[in-house]
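What follows is the content of upload22.csv (CSV, C-alpha atoms).
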chain,number,residue,atom,x,y,z
A,1,MET,CA,-104.1,-99.3,-92.8
A,2,SER,CA,-102.0,-96.3,-93.8
A,3,ASP,CA,-101.5,-95.9,-97.6
A,4,VAL,CA,-97.8,-95.1,-96.9
A,5,ILE,CA,-95.0,-97.2,-95.2
A,6,THR,CA,-92.2,-95.4,-93.5
A,7,ILE,CA,-88.7,-96.8,-93.0
A,8,GLU,CA,-85.7,-95.3,-91.2
A,9,ASN,CA,-82.0,-95.9,-90.7
A,10,GLY,CA,-79.8,-93.3,-89.1
A,11,ALA,CA,-80.6,-89.9,-90.6
A,12,LEU,CA,-82.3,-91.5,-93.6
A,13,THR,CA,-86.0,-91.7,-93.9
A,14,ALA,CA,-88.0,-93.1,-96.9
A,15,GLN,CA,-91.7,-93.5,-97.5
A,16,VAL,CA,-93.3,-96.0,-99.9
A,17,LYS,CA,-96.9,-95.9,-101.1
A,18,ILE,CA,-99.2,-98.9,-101.1
A,19,ARG,CA,-100.4,-97.9,-104.6
A,20,GLY,CA,-97.8,-99.0,-107.0
A,21,ALA,CA,-95.1,-99.6,-104.3
A,22,GLU,CA,-94.0,-96.1,-105.3
A,23,LEU,CA,-91.2,-94.4,-103.4
A,24,ALA,CA,-92.8,-91.1,-102.2
A,25,SER,CA,-90.0,-89.6,-100.0
A,26,LEU,CA,-86.3,-89.8,-99.5
A,27,LYS,CA,-85.0,-87.6,-96.7
A,28,ARG,CA,-81.8,-87.1,-94.9
A,29,GLY,CA,-82.7,-85.2,-91.8
A,30,VAL,CA,-85.2,-82.5,-92.9
A,31,ASP,CA,-83.8,-82.4,-96.4
A,32,GLU,CA,-86.2,-83.9,-99.0
A,33,TYR,CA,-84.4,-85.2,-102.1
A,34,LEU,CA,-87.3,-86.8,-104.0
A,35,TRP,CA,-89.7,-84.8,-106.1
A,36,GLN,CA,-93.0,-84.3,-104.1
A,37,ALA,CA,-95.4,-84.5,-107.1
A,38,ASP,CA,-97.3,-81.5,-108.4
A,39,ASP,CA,-100.1,-81.6,-110.9
A,40,ARG,CA,-98.7,-78.5,-112.6
A,41,TRP,CA,-95.9,-80.7,-114.0
A,42,TRP,CA,-96.1,-84.3,-113.0
A,43,PRO,CA,-98.2,-85.9,-110.2
A,44,ARG,CA,-95.9,-88.8,-109.4
A,45,HIS,CA,-92.7,-89.3,-107.5
A,46,ALA,CA,-91.0,-92.5,-108.7
A,47,PRO,CA,-93.3,-95.1,-110.3
A,48,VAL,CA,-92.4,-98.8,-110.6
A,49,LEU,CA,-92.3,-99.8,-114.3
A,50,PHE,CA,-93.4,-103.4,-115.0
A,51,PRO,CA,-93.9,-105.4,-117.2
A,52,ILE,CA,-93.0,-102.7,-119.8
A,53,VAL,CA,-91.0,-99.5,-119.8
A,54,GLY,CA,-92.6,-96.7,-121.8
A,55,ASN,CA,-95.2,-97.4,-124.4
A,56,LEU,CA,-96.4,-100.2,-126.6
A,57,ARG,CA,-97.6,-99.1,-130.1
A,58,ASP,CA,-101.2,-98.1,-129.6
A,59,ASP,CA,-100.9,-99.7,-126.1
A,60,LYS,CA,-101.1,-103.2,-127.6
A,61,ALA,CA,-98.9,-106.1,-128.4
A,62,VAL,CA,-99.1,-109.8,-129.2
A,63,SER,CA,-97.3,-112.5,-127.1
A,64,ALA,CA,-96.9,-116.2,-126.8
A,65,ALA,CA,-99.5,-116.1,-124.1
A,66,GLY,CA,-102.0,-114.0,-126.0
A,67,PRO,CA,-102.8,-110.3,-126.5
A,68,CYS,CA,-101.4,-107.6,-124.3
A,69,ALA,CA,-103.1,-104.3,-123.7
A,70,MET,CA,-101.7,-101.7,-121.3
A,71,GLY,CA,-100.8,-98.1,-121.0
A,72,ARG,CA,-97.4,-96.5,-120.5
A,73,HIS,CA,-95.1,-98.2,-118.0
A,74,GLY,CA,-97.4,-101.2,-117.5
A,75,VAL,CA,-99.6,-102.5,-114.6
A,76,ALA,CA,-97.5,-102.2,-111.4
A,77,ARG,CA,-97.9,-98.5,-110.9
A,78,ILE,CA,-101.7,-98.6,-111.0
A,79,ASN,CA,-102.2,-101.6,-108.6
A,80,ASP,CA,-102.1,-101.7,-104.8
A,81,PHE,CA,-99.3,-103.8,-103.3
A,82,GLU,CA,-99.4,-105.9,-100.2
A,83,VAL,CA,-97.0,-105.0,-97.4
A,84,TRP,CA,-95.1,-108.2,-97.3
A,85,SER,CA,-92.4,-107.5,-94.7
A,86,VAL,CA,-91.1,-104.5,-92.8
A,87,GLY,CA,-87.8,-104.6,-90.9
A,88,SER,CA,-85.1,-102.3,-89.7
A,89,GLY,CA,-84.6,-99.8,-92.5
A,90,MET,CA,-86.3,-101.9,-95.1
A,91,ALA,CA,-89.7,-102.9,-96.5
A,92,THR,CA,-90.9,-105.3,-99.1
A,93,MET,CA,-94.1,-104.8,-101.0
A,94,ARG,CA,-95.7,-107.6,-103.1
A,95,LEU,CA,-98.0,-107.6,-106.2
A,96,GLU,CA,-99.4,-110.9,-107.4
A,97,SER,CA,-101.1,-111.2,-110.7
A,98,ASN,CA,-104.8,-110.9,-110.6
A,99,GLU,CA,-107.8,-110.7,-112.9
A,100,SER,CA,-107.0,-107.1,-113.9
A,101,THR,CA,-103.3,-107.7,-114.6
A,102,LEU,CA,-103.9,-110.9,-116.5
A,103,ALA,CA,-106.4,-109.1,-118.8
A,104,ALA,CA,-103.6,-106.6,-119.6
A,105,TYR,CA,-100.6,-108.9,-119.5
A,106,PRO,CA,-101.5,-112.6,-119.7
A,107,TYR,CA,-98.6,-114.0,-117.6
A,108,PRO,CA,-99.0,-115.0,-113.9
A,109,PHE,CA,-96.3,-113.4,-111.8
A,110,VAL,CA,-95.2,-112.2,-108.3
A,111,LEU,CA,-93.5,-108.8,-108.2
A,112,ASP,CA,-91.7,-108.0,-104.9
A,113,MET,CA,-90.3,-104.5,-104.5
A,114,THR,CA,-87.8,-104.0,-101.7
A,115,TYR,CA,-86.5,-100.7,-100.4
A,116,SER,CA,-83.6,-100.7,-98.0
A,117,LEU,CA,-81.7,-97.9,-96.4
A,118,GLU,CA,-78.0,-98.1,-95.7
A,119,ALA,CA,-77.0,-95.3,-93.3
A,120,SER,CA,-73.6,-93.7,-93.5
A,121,THR,CA,-70.8,-95.3,-91.4
A,122,ALA,CA,-67.7,-94.1,-89.6
A,123,ASP,CA,-65.5,-95.6,-92.3
A,124,GLY,CA,-67.0,-93.2,-94.9
A,125,GLU,CA,-69.7,-95.2,-96.6
A,126,PRO,CA,-72.4,-92.7,-97.6
A,127,ASP,CA,-76.2,-92.8,-97.1
A,128,THR,CA,-77.8,-95.1,-99.7
A,129,LEU,CA,-81.2,-96.3,-100.8
A,130,ARG,CA,-81.4,-99.6,-102.6
A,131,GLN,CA,-84.4,-100.4,-104.8
A,132,THR,CA,-84.7,-104.1,-105.7
A,133,PHE,CA,-87.1,-105.7,-108.2
A,134,GLU,CA,-87.8,-109.5,-107.8
A,135,VAL,CA,-89.9,-110.9,-110.5
A,136,THR,CA,-91.1,-114.5,-110.2
A,137,ASN,CA,-92.8,-116.4,-113.0
A,138,THR,CA,-95.7,-118.4,-111.4
A,139,GLY,CA,-97.0,-119.6,-114.7
A,140,ASP,CA,-96.1,-122.5,-117.0
A,141,ARG,CA,-94.5,-120.7,-119.9
A,142,VAL,CA,-91.5,-118.4,-120.4
A,143,MET,CA,-92.4,-114.9,-119.3
A,144,PRO,CA,-91.1,-111.8,-121.2
A,145,PHE,CA,-90.9,-108.5,-119.3
A,146,SER,CA,-89.0,-105.4,-118.5
A,147,VAL,CA,-88.6,-103.5,-115.2
A,148,GLY,CA,-87.5,-99.9,-114.5
A,149,GLY,CA,-87.2,-97.3,-111.9
A,150,HIS,CA,-88.4,-93.7,-112.4
A,151,PRO,CA,-87.2,-91.6,-109.4
A,152,ALA,CA,-87.4,-87.9,-109.8
A,153,PHE,CA,-85.2,-85.7,-107.7
A,154,ASN,CA,-85.6,-82.1,-106.6
A,155,VAL,CA,-83.6,-79.6,-108.6
A,156,PRO,CA,-82.3,-77.3,-107.2
A,157,ALA,CA,-81.2,-79.7,-104.4
A,158,PRO,CA,-82.5,-79.1,-100.9
A,159,GLY,CA,-80.9,-76.2,-99.1
A,160,ARG,CA,-79.4,-74.7,-102.2
A,161,THR,CA,-80.2,-71.5,-104.0
A,162,ASP,CA,-78.8,-72.2,-107.4
A,163,ALA,CA,-81.1,-72.6,-110.5
A,164,TRP,CA,-82.1,-75.8,-112.4
A,165,GLU,CA,-79.8,-74.8,-115.2
A,166,ASP,CA,-76.9,-74.7,-112.8
A,167,TYR,CA,-76.9,-78.5,-112.6
A,168,GLU,CA,-75.4,-81.2,-114.7
A,169,LEU,CA,-75.0,-85.0,-114.9
A,170,VAL,CA,-71.5,-86.2,-114.4
A,171,PHE,CA,-70.2,-89.4,-115.8
A,172,SER,CA,-67.3,-91.6,-114.7
A,173,GLU,CA,-65.3,-90.8,-117.8
A,174,PRO,CA,-65.5,-88.8,-121.1
A,175,TRP,CA,-67.7,-90.4,-123.8
A,176,THR,CA,-69.6,-89.5,-126.9
A,177,TYR,CA,-73.3,-90.2,-127.3
A,178,ALA,CA,-76.4,-89.1,-129.1
A,179,SER,CA,-79.9,-90.1,-127.9
A,180,PRO,CA,-82.7,-91.4,-130.1
A,181,GLY,CA,-86.0,-89.4,-130.0
A,182,VAL,CA,-89.6,-90.1,-129.0
A,183,VAL,CA,-92.3,-89.9,-131.7
A,184,GLY,CA,-95.8,-90.8,-130.7
A,185,GLY,CA,-94.5,-92.4,-127.5
A,186,LEU,CA,-92.1,-94.7,-129.4
A,187,TRP,CA,-88.3,-94.6,-129.8
A,188,ASP,CA,-87.2,-93.3,-133.2
A,189,TYR,CA,-83.5,-94.2,-133.8
A,190,GLY,CA,-83.6,-92.0,-136.9
A,191,ILE,CA,-83.4,-89.0,-134.5
A,192,HIS,CA,-80.0,-88.2,-133.0
A,193,THR,CA,-79.9,-85.7,-130.2
A,194,PRO,CA,-76.2,-85.0,-129.2
A,195,ILE,CA,-75.8,-85.5,-125.5
A,196,VAL,CA,-72.0,-85.6,-124.9
A,197,ASP,CA,-69.1,-85.2,-127.2
A,198,ASN,CA,-65.9,-86.6,-125.6
A,199,ALA,CA,-67.1,-85.1,-122.3
A,200,ASP,CA,-67.7,-86.4,-118.8
A,201,ARG,CA,-70.7,-84.2,-118.0
A,202,MET,CA,-74.0,-83.1,-119.5
A,203,PRO,CA,-75.2,-79.7,-118.4
A,204,LEU,CA,-79.0,-79.5,-117.9
A,205,SER,CA,-80.9,-77.7,-120.6
A,206,ARG,CA,-84.6,-77.6,-121.3
A,207,GLY,CA,-83.9,-78.1,-125.0
A,208,LEU,CA,-82.5,-81.6,-124.3
A,209,PHE,CA,-86.1,-82.7,-123.7
A,210,VAL,CA,-87.7,-81.4,-126.8
A,211,HIS,CA,-88.2,-85.0,-127.9
A,212,ASP,CA,-89.4,-86.0,-124.4
A,213,THR,CA,-87.0,-88.4,-122.6
A,214,ILE,CA,-83.3,-88.8,-123.3
A,215,GLU,CA,-82.2,-92.5,-123.5
A,216,LEU,CA,-78.6,-93.3,-122.5
A,217,GLU,CA,-77.1,-96.7,-123.4
A,218,HIS,CA,-73.8,-98.2,-122.3
A,219,THR,CA,-73.3,-95.3,-119.8
A,220,PRO,CA,-69.7,-95.5,-118.6
A,221,GLY,CA,-69.4,-97.5,-115.4
A,222,SER,CA,-73.3,-97.7,-115.2
A,223,THR,CA,-73.2,-94.7,-112.8
A,224,VAL,CA,-74.1,-91.0,-113.0
A,225,THR,CA,-73.9,-88.2,-110.5
A,226,LEU,CA,-76.3,-85.2,-110.2
A,227,ALA,CA,-74.3,-82.2,-109.3
A,228,GLY,CA,-74.4,-78.4,-109.1
A,229,LYS,CA,-71.8,-76.8,-111.4
A,230,THR,CA,-70.6,-74.7,-108.5
A,231,SER,CA,-72.5,-76.1,-105.5
A,232,GLY,CA,-71.1,-79.6,-105.9
A,233,PRO,CA,-72.4,-83.2,-105.9
A,234,VAL,CA,-76.0,-84.0,-104.8
A,235,LEU,CA,-76.5,-87.7,-105.4
A,236,ARG,CA,-75.2,-90.7,-107.4
A,237,VAL,CA,-77.3,-93.4,-109.1
A,238,ASP,CA,-75.6,-96.8,-109.7
A,239,PHE,CA,-77.4,-99.2,-112.1
A,240,ALA,CA,-75.1,-102.0,-113.2
A,241,ASP,CA,-78.2,-104.3,-113.7
A,242,PHE,CA,-79.8,-101.9,-116.1
A,243,PRO,CA,-78.4,-101.3,-119.6
A,244,TYR,CA,-80.5,-98.2,-120.3
A,245,LEU,CA,-81.0,-95.0,-118.4
A,246,GLY,CA,-83.8,-92.5,-119.1
A,247,VAL,CA,-83.3,-88.9,-118.2
A,248,TRP,CA,-86.4,-86.6,-118.2
A,249,SER,CA,-87.9,-83.4,-116.9
A,250,ALA,CA,-91.4,-82.0,-117.6
A,251,GLY,CA,-92.1,-78.4,-118.4
A,252,CYS,CA,-89.9,-78.2,-121.5
A,253,GLU,CA,-92.4,-75.6,-123.0
A,254,THR,CA,-92.5,-73.4,-119.9
A,255,GLY,CA,-89.0,-74.2,-118.8
A,256,ASP,CA,-89.7,-74.4,-115.1
A,257,ALA,CA,-90.3,-77.9,-113.8
A,258,PRO,CA,-88.1,-78.1,-110.7
A,259,PHE,CA,-87.0,-81.8,-110.9
A,260,LEU,CA,-85.0,-84.3,-112.9
A,261,ALA,CA,-85.9,-87.9,-113.3
A,262,ILE,CA,-83.0,-90.4,-113.5
A,263,GLU,CA,-84.5,-93.8,-114.6
A,264,PRO,CA,-82.7,-97.1,-114.8
A,265,TRP,CA,-84.4,-99.5,-117.3
A,266,THR,CA,-83.8,-103.0,-118.4
A,267,GLY,CA,-85.8,-102.4,-121.6
A,268,THR,CA,-87.3,-99.5,-123.5
A,269,ALA,CA,-90.6,-98.4,-125.1
A,270,THR,CA,-91.3,-100.0,-128.5
A,271,ARG,CA,-89.1,-98.7,-131.3
A,272,THR,CA,-90.6,-97.3,-134.5
A,273,ASP,CA,-88.7,-100.0,-136.4
A,274,GLU,CA,-89.9,-102.9,-134.3
A,275,ASP,CA,-93.0,-105.0,-134.8
A,276,ASP,CA,-95.7,-105.5,-132.1
A,277,THR,CA,-94.5,-108.8,-130.7
A,278,PHE,CA,-93.9,-108.5,-127.0
A,279,GLU,CA,-90.9,-110.9,-127.1
A,280,HIS,CA,-89.3,-108.7,-129.8
A,281,LYS,CA,-89.2,-105.5,-127.7
A,282,GLN,CA,-85.7,-104.0,-127.1
A,283,GLY,CA,-84.1,-105.2,-123.9
A,284,THR,CA,-86.7,-107.8,-123.0
A,285,LEU,CA,-85.9,-110.1,-120.1
A,286,TYR,CA,-87.1,-113.7,-119.9
A,287,CYS,CA,-88.0,-115.7,-116.8
A,288,GLU,CA,-88.5,-119.5,-116.9
A,289,PRO,CA,-91.5,-121.0,-115.0
A,290,GLY,CA,-90.8,-121.1,-111.3
A,291,ASP,CA,-87.7,-118.9,-111.6
A,292,THR,CA,-87.0,-115.4,-110.2
A,293,VAL,CA,-85.2,-112.6,-111.8
A,294,GLU,CA,-83.7,-109.9,-109.5
A,295,LYS,CA,-82.5,-106.4,-110.5
A,296,SER,CA,-81.5,-103.5,-108.2
A,297,PHE,CA,-80.1,-100.0,-108.4
A,298,THR,CA,-79.0,-97.6,-105.7
A,299,VAL,CA,-79.3,-93.9,-105.0
A,300,THR,CA,-76.5,-92.5,-102.8
A,301,LEU,CA,-76.7,-89.1,-101.2
A,302,LEU,CA,-73.4,-87.2,-101.4
Could you write out this file's structure as structure tokens?
Amino acid sequence: MSDVITIENGALTAQVKIRGAELASLKRGVDEYLWQADDRWWPRHAPVLFPIVGNLRDDKAVSAAGPCAMGRHGVARINDFEVWSVGSGMATMRLESNESTLAAYPYPFVLDMTYSLEASTADGEPDTLRQTFEVTNTGDRVMPFSVGGHPAFNVPAPGRTDAWEDYELVFSEPWTYASPGVVGGLWDYGIHTPIVDNADRMPLSRGLFVHDTIELEHTPGSTVTLAGKTSGPVLRVDFADFPYLGVWSAGCETGDAPFLAIEPWTGTATRTDEDDTFEHKQGTLYCEPGDTVEKSFTVTLL
């Protein structure tokens, strides 16, 4: 079996890897919008984050079900998924808890990742990818968890000759916000990095990522558009199900990583002022035994 599943709808094509159910390509025609992974900066495209986003302190936590021990972003991205269903312009990949996941995260679960393509229509609806997380608790106790997406996009955009610094994130309205910083992989809310000051756009600057990822909370309209300052809009990410948004690029020191990650999260890495109880992590979701929690976001090509 191939290690990549391909789905198509109209001019849209997407590829999803078996390992981690990771989106590996998003094309319209010949134009590739997704970062194609490069060991010089970051060897991934768009990992699935579950059951944590970011880091636990020293990669460990305690929970009602027992100790947890896992690296950054959890267990989904390092496990092979089963191809559960493939249809017209869509595919669902499934990960069921196993001996390895239970050793790291002692909760039985099923994680279904569905990718669906919605092609542009005559009435003006644009090309869109929808990424859906369905988490089912197959155990007998309440399950705490977070999910998140981590898609990185090519900047400059395909077919354009402008520079990385010629791009910006555009918000639905002016707002003021300062991001916390990252210290030892944990969020430090004692750090305040100004992001926007009564403005509706954030110009890209390598200096924004001196503390690693930027974290946005309560983003107006739960939407953000990646655009060239002069070349115009590239794509829009809509994430009403996700209260947090990570924004990141590698290569801060050398200033040359040609991508930007736009990451919808339901929760965050452990905060420096939190304890190490899993259930106390910021933004934690809870799923009752036998229930399913569903979250989705979309990427619309403009």
Give me, as JSON lines, the closest atom pair and its distance (Å, one decimal) for every residue of range 237-263 of chain A within a cut-off of 7 Å of range 146-161 of chain A, counting all atoms listed in the file, rows sorted by chain and rising number.
{"residue": "A:Pro258", "atom": "CA", "partner": "A:Val155", "partner_atom": "CA", "distance": 5.2}
{"residue": "A:Phe259", "atom": "CA", "partner": "A:Asn154", "partner_atom": "CA", "distance": 4.5}
{"residue": "A:Leu260", "atom": "CA", "partner": "A:Ala152", "partner_atom": "CA", "distance": 5.3}
{"residue": "A:Ala261", "atom": "CA", "partner": "A:Ala152", "partner_atom": "CA", "distance": 3.8}
{"residue": "A:Ile262", "atom": "CA", "partner": "A:Pro151", "partner_atom": "CA", "distance": 6.0}
{"residue": "A:Glu263", "atom": "CA", "partner": "A:His150", "partner_atom": "CA", "distance": 4.5}
### Task
Give me, please, the distance in Å between CA of Phe242 in chain A and CA of Ile18 in chain A, quoted to one decimal.
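So the answer is 24.7 Å.
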### Query
Closest to Tyr107 in chain A among A:Met90, A:Ala65, A:Leu129, A:Val237, using only C-alpha atoms?
A:Ala65
### Message
From the options A:Leu186, A:Leu117, A:Ala76, A:Leu301, which residue's atoms come nearest to Asp58 in chain A, counting only C-alpha atoms?
### Response
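That would be A:Leu186, the residue with the smallest distance to Asp58 in chain A.
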### Query
For Pro106 in chain A, which residue out of A:Pro220, A:Leu208, A:Phe278, A:Asp3 is the nearest one, using only C-alpha atoms?
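Under the stated criterion, the closest residue is A:Phe278.
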### Query
With only C-alpha atoms as the basis for distance, which of A:Asn79, A:Thr277, A:Thr272, A:Thr284 is at the shortest distance from Gly185 in chain A?
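The answer is A:Thr272, which sits nearest to Gly185 in chain A.
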### Query
Which value, in Å to one decimal, gives the distance between CA of Val196 in chain A and CA of Val224 in chain A?
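Here the two named atoms are 13.2 Å from each other.
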### Message
I need every residue sitting at most 6 Å from the point (-88.2, -99.4, -124.7) (coordinates as in the file, all atoms listed in the file considered), written as a count of residues only.
### Response
7
### Query
Near Ala227 in chain A, within 10 Å and counting all atoms listed in the file, which residues show up once chain neighbours fewer than 3 positions away are dropped, as a list in words?
Val155, Pro156, Ala157, Asp166, Tyr167, Glu168, Leu169, Val170, Arg201, Pro203, Val224, Thr230, Ser231, Gly232, Pro233, Val234, Leu235, Arg236 and Leu302 of chain A
### Query
Out of A:Ile191, A:Ala240, A:Val62, A:Val247, which residue has the shortest atom-to-atom distance to Ser205 in chain A when counting all atoms listed in the file?
A:Val247
### Task
Find the distance between CA of Asp112 in chain A and CA of Ile214 in chain A and write it in Å to one decimal.
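The value is 27.9 Å.
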### Message
Restricting the calculation to only C-alpha atoms: of A:Trp175, A:Asp140, A:Leu49, A:Ile5, which residue gets closest to Trp84 in chain A?
### Response
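That would be A:Ile5, the residue with the smallest distance to Trp84 in chain A.
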### Task
Tell me which protein, DNA and RNA residues are within 7 Å of Phe297 in chain A, counting only C-alpha atoms, leaving out same-chain ones fewer than 3 positions away, and put them as a PyMOL selection string.
chain A and resi 130-132+238-239
### Query
Taking (-94.0, -101.7, -109.5) in the file's coordinates, which residues come within 12 Å, counting all atoms listed in the file, written as a ChimeraX atom specification?
/A:16-23,46-53,73-82,92-97,110-115,131-135,146-150
### Exercise: Gly181 in chain A partners within 9 Å, only C-alpha atoms, chain neighbours under 6 positions left out, as an MDAnalysis selection string
chainID A and resid 187:193 210:215
### Task
Tell me, as a list of chain:residue names, which residues lie within 7 Å of Leu26 in chain A, counting all atoms listed in the file; anything in the same chain fewer than 3 positions away does not count.
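The contact residues come out as A:Thr13, A:Ala14, A:Gln15, A:Glu32, A:Tyr33, A:Leu34.
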### Message
Which residues are near Glu118 in chain A? Cut-off 9 Å, all atoms listed in the file, ignore same chain within fewer than 6 positions. Put them as a list of chain:residue names.
### Response
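Here the qualifying residues turn out to be A:Asn9, A:Gly10, A:Leu12, A:Gly89, A:Glu125, A:Pro126, A:Asp127, A:Thr128, A:Leu129, A:Arg130.
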Dump as a tab-separated table (two decimals), in the frame of the given file, selection limited to C-alpha atoms:
chain	number	residue	atom	x	y	z
A	9	ASN	CA	-82.00	-95.90	-90.70
A	10	GLY	CA	-79.80	-93.30	-89.10
A	12	LEU	CA	-82.30	-91.50	-93.60
A	89	GLY	CA	-84.60	-99.80	-92.50
A	125	GLU	CA	-69.70	-95.20	-96.60
A	126	PRO	CA	-72.40	-92.70	-97.60
A	127	ASP	CA	-76.20	-92.80	-97.10
A	128	THR	CA	-77.80	-95.10	-99.70
A	129	LEU	CA	-81.20	-96.30	-100.80
A	130	ARG	CA	-81.40	-99.60	-102.60
